[in-house]
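Q: I'm passing along input.cif; it holds mmCIF, C-alpha atoms.
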```
data_run
loop_
_atom_site.group_PDB
_atom_site.id
_atom_site.type_symbol
_atom_site.label_atom_id
_atom_site.label_comp_id
_atom_site.auth_asym_id
_atom_site.auth_seq_id
_atom_site.Cartn_x
_atom_site.Cartn_y
_atom_site.Cartn_z
ATOM 1 C CA MET A 1 -3.205 -1.276 19.955
ATOM 2 C CA LYS A 2 -6.110 0.060 17.928
ATOM 3 C CA THR A 3 -5.159 2.616 15.311
ATOM 4 C CA LYS A 4 -7.167 4.761 12.932
ATOM 5 C CA LEU A 5 -6.346 2.214 10.226
ATOM 6 C CA SER A 6 -7.518 -0.783 12.255
ATOM 7 C CA THR A 7 -10.717 0.994 13.276
ATOM 8 C CA ARG A 8 -11.519 2.051 9.717
ATOM 9 C CA ILE A 9 -11.007 -1.429 8.276
ATOM 10 C CA TYR A 10 -13.326 -2.858 10.939
ATOM 11 C CA GLU A 11 -15.992 -0.165 10.494
ATOM 12 C CA LEU A 12 -15.985 -0.353 6.698
ATOM 13 C CA ARG A 13 -16.282 -4.130 6.825
ATOM 14 C CA LYS A 14 -19.127 -4.023 9.342
ATOM 15 C CA GLU A 15 -21.027 -1.367 7.339
ATOM 16 C CA ILE A 16 -21.564 -3.896 4.562
ATOM 17 C CA ASN A 17 -22.008 -6.917 6.868
ATOM 18 C CA LEU A 18 -18.942 -8.678 5.505
ATOM 19 C CA SER A 19 -17.082 -11.335 7.482
ATOM 20 C CA GLN A 20 -13.326 -11.219 7.948
ATOM 21 C CA THR A 21 -13.090 -14.397 5.872
ATOM 22 C CA ASP A 22 -15.050 -12.889 2.981
ATOM 23 C CA LEU A 23 -13.021 -9.671 3.036
ATOM 24 C CA ALA A 24 -9.812 -11.701 3.059
ATOM 25 C CA LYS A 25 -10.955 -13.670 -0.002
ATOM 26 C CA LYS A 26 -11.903 -10.476 -1.862
ATOM 27 C CA ILE A 27 -8.451 -8.926 -1.407
ATOM 28 C CA GLY A 28 -6.259 -12.046 -1.444
ATOM 29 C CA ALA A 29 -5.304 -12.054 2.229
ATOM 30 C CA SER A 30 -5.836 -14.552 5.038
ATOM 31 C CA GLN A 31 -8.611 -14.214 7.612
ATOM 32 C CA LYS A 32 -5.946 -14.111 10.337
ATOM 33 C CA ALA A 33 -4.261 -11.159 8.621
ATOM 34 C CA VAL A 34 -7.549 -9.230 8.561
ATOM 35 C CA ASP A 35 -8.101 -10.107 12.232
ATOM 36 C CA PHE A 36 -4.622 -8.848 13.157
ATOM 37 C CA TRP A 37 -5.133 -5.628 11.157
ATOM 38 C CA GLU A 38 -8.431 -4.936 12.917
ATOM 39 C CA LYS A 39 -6.898 -5.617 16.344
ATOM 40 C CA GLY A 40 -3.934 -3.363 15.556
ATOM 41 C CA ILE A 41 -1.452 -6.234 16.001
ATOM 42 C CA ASN A 42 -0.100 -5.853 12.457
ATOM 43 C CA GLU A 43 -0.596 -3.332 9.671
ATOM 44 C CA PRO A 44 -1.282 -4.297 6.068
ATOM 45 C CA LYS A 45 1.485 -3.819 3.541
ATOM 46 C CA ALA A 46 0.989 -1.228 0.830
ATOM 47 C CA SER A 47 -0.464 -3.677 -1.702
ATOM 48 C CA PHE A 48 -3.237 -4.615 0.750
ATOM 49 C CA ILE A 49 -3.922 -0.974 1.619
ATOM 50 C CA ILE A 50 -4.446 -0.366 -2.100
ATOM 51 C CA ALA A 51 -6.685 -3.442 -2.391
ATOM 52 C CA LEU A 52 -8.715 -2.373 0.653
ATOM 53 C CA SER A 53 -9.156 1.171 -0.625
ATOM 54 C CA LYS A 54 -10.296 -0.076 -4.040
ATOM 55 C CA TYR A 55 -12.650 -2.642 -2.525
ATOM 56 C CA PHE A 56 -14.275 -0.183 -0.107
ATOM 57 C CA GLY A 57 -14.213 2.749 -2.540
ATOM 58 C CA VAL A 58 -12.207 5.007 -0.243
ATOM 59 C CA THR A 59 -8.773 6.569 -0.529
ATOM 60 C CA ALA A 60 -5.662 5.116 1.047
ATOM 61 C CA ASP A 61 -5.340 8.424 2.898
ATOM 62 C CA TYR A 62 -8.773 7.836 4.440
ATOM 63 C CA LEU A 63 -7.818 4.325 5.551
ATOM 64 C CA LEU A 64 -4.597 5.626 7.065
ATOM 65 C CA GLY A 65 -6.389 8.405 8.933
ATOM 66 C CA LEU A 66 -4.801 11.208 6.936
ATOM 67 C CA GLU A 67 -8.185 12.534 5.829
ATOM 68 C CA ASP A 68 -11.757 12.255 7.055
#
```
Using the file provided, produce a representation of the structure as structure tokens.
A:
Amino acid sequence: MKTKLSTRIYELRKEINLSQTDLAKKIGASQKAVDFWEKGINEPKASFIIALSKYFGVTADYLLGLED
């Protein structure tokens, strides 16, 4: 099920024309993990939320849908 988190990861990645594989390499995850996050199958653990927020230059609260 799509969540705010899954939607935001997908949208942020697409904004900079980055593949799932390239994003995974940048943050030390697997491409399958990124795919599952974007589909809402799994959620990233805290360390990946931090890595994603640093990479995209947004807050963890933004990624989690706690702020706009």
Q: Would you work out the distance separating CA of Gln31 in chain A from CA of Ala51 in chain A, expressed in Å to one decimal?
A: 14.8 Å
Q: State, in Å with one decimal place, the distance from CA of Asp68 in chain A to CA of Lys39 in chain A.
A: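 So the two atoms, CA of Asp68 in chain A and CA of Lys39 in chain A, lie 20.7 Å apart.
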Q: Given the PyMOL selection byres ((chain A and resi 50) around 12) and the file above, list the residues it selects as a list in words.
A: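 Checking the PyMOL selection byres ((chain A and resi 50) around 12) against this file, the residues are Ile27, Gly28, Pro44, Lys45, Ala46, Ser47, Phe48, Ile49, Ala51, Leu52, Ser53, Lys54, Tyr55, Phe56, Gly57, Val58, Thr59, Ala60, Asp61, Tyr62, Leu63 and Leu64 of chain A.
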Q: Would you translate the PyMOL selection byres ((chain A and resi 33) around 12) into the concrete set of residues it matches in this file, as a list in words?
A: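 Written out, the selection comes to Ser6, Ile9, Gln20, Thr21, Leu23, Ala24, Lys25, Ile27, Gly28, Ala29, Ser30, Gln31, Lys32, Val34, Asp35, Phe36, Trp37, Glu38, Lys39, Gly40, Ile41, Asn42, Glu43, Pro44, Lys45 and Phe48 of chain A.
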Q: Work out how far CA of Glu11 in chain A is from CA of Gly65 in chain A, in Å to one decimal.
A: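 Taking CA of Gly65 in chain A and CA of Glu11 in chain A, their separation equals 13.0 Å.
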Q: Around range 23-28 of chain A, with edges along x, y and z and 6 Å added on all six sides, what centre and edge lengths do you get, in Å to one decimal, as lines of an AutoDock Vina configuration file?
A:
```
center_x = -9.6
center_y = -11.3
center_z = 0.6
size_x = 18.8
size_y = 16.7
size_z = 16.9
```
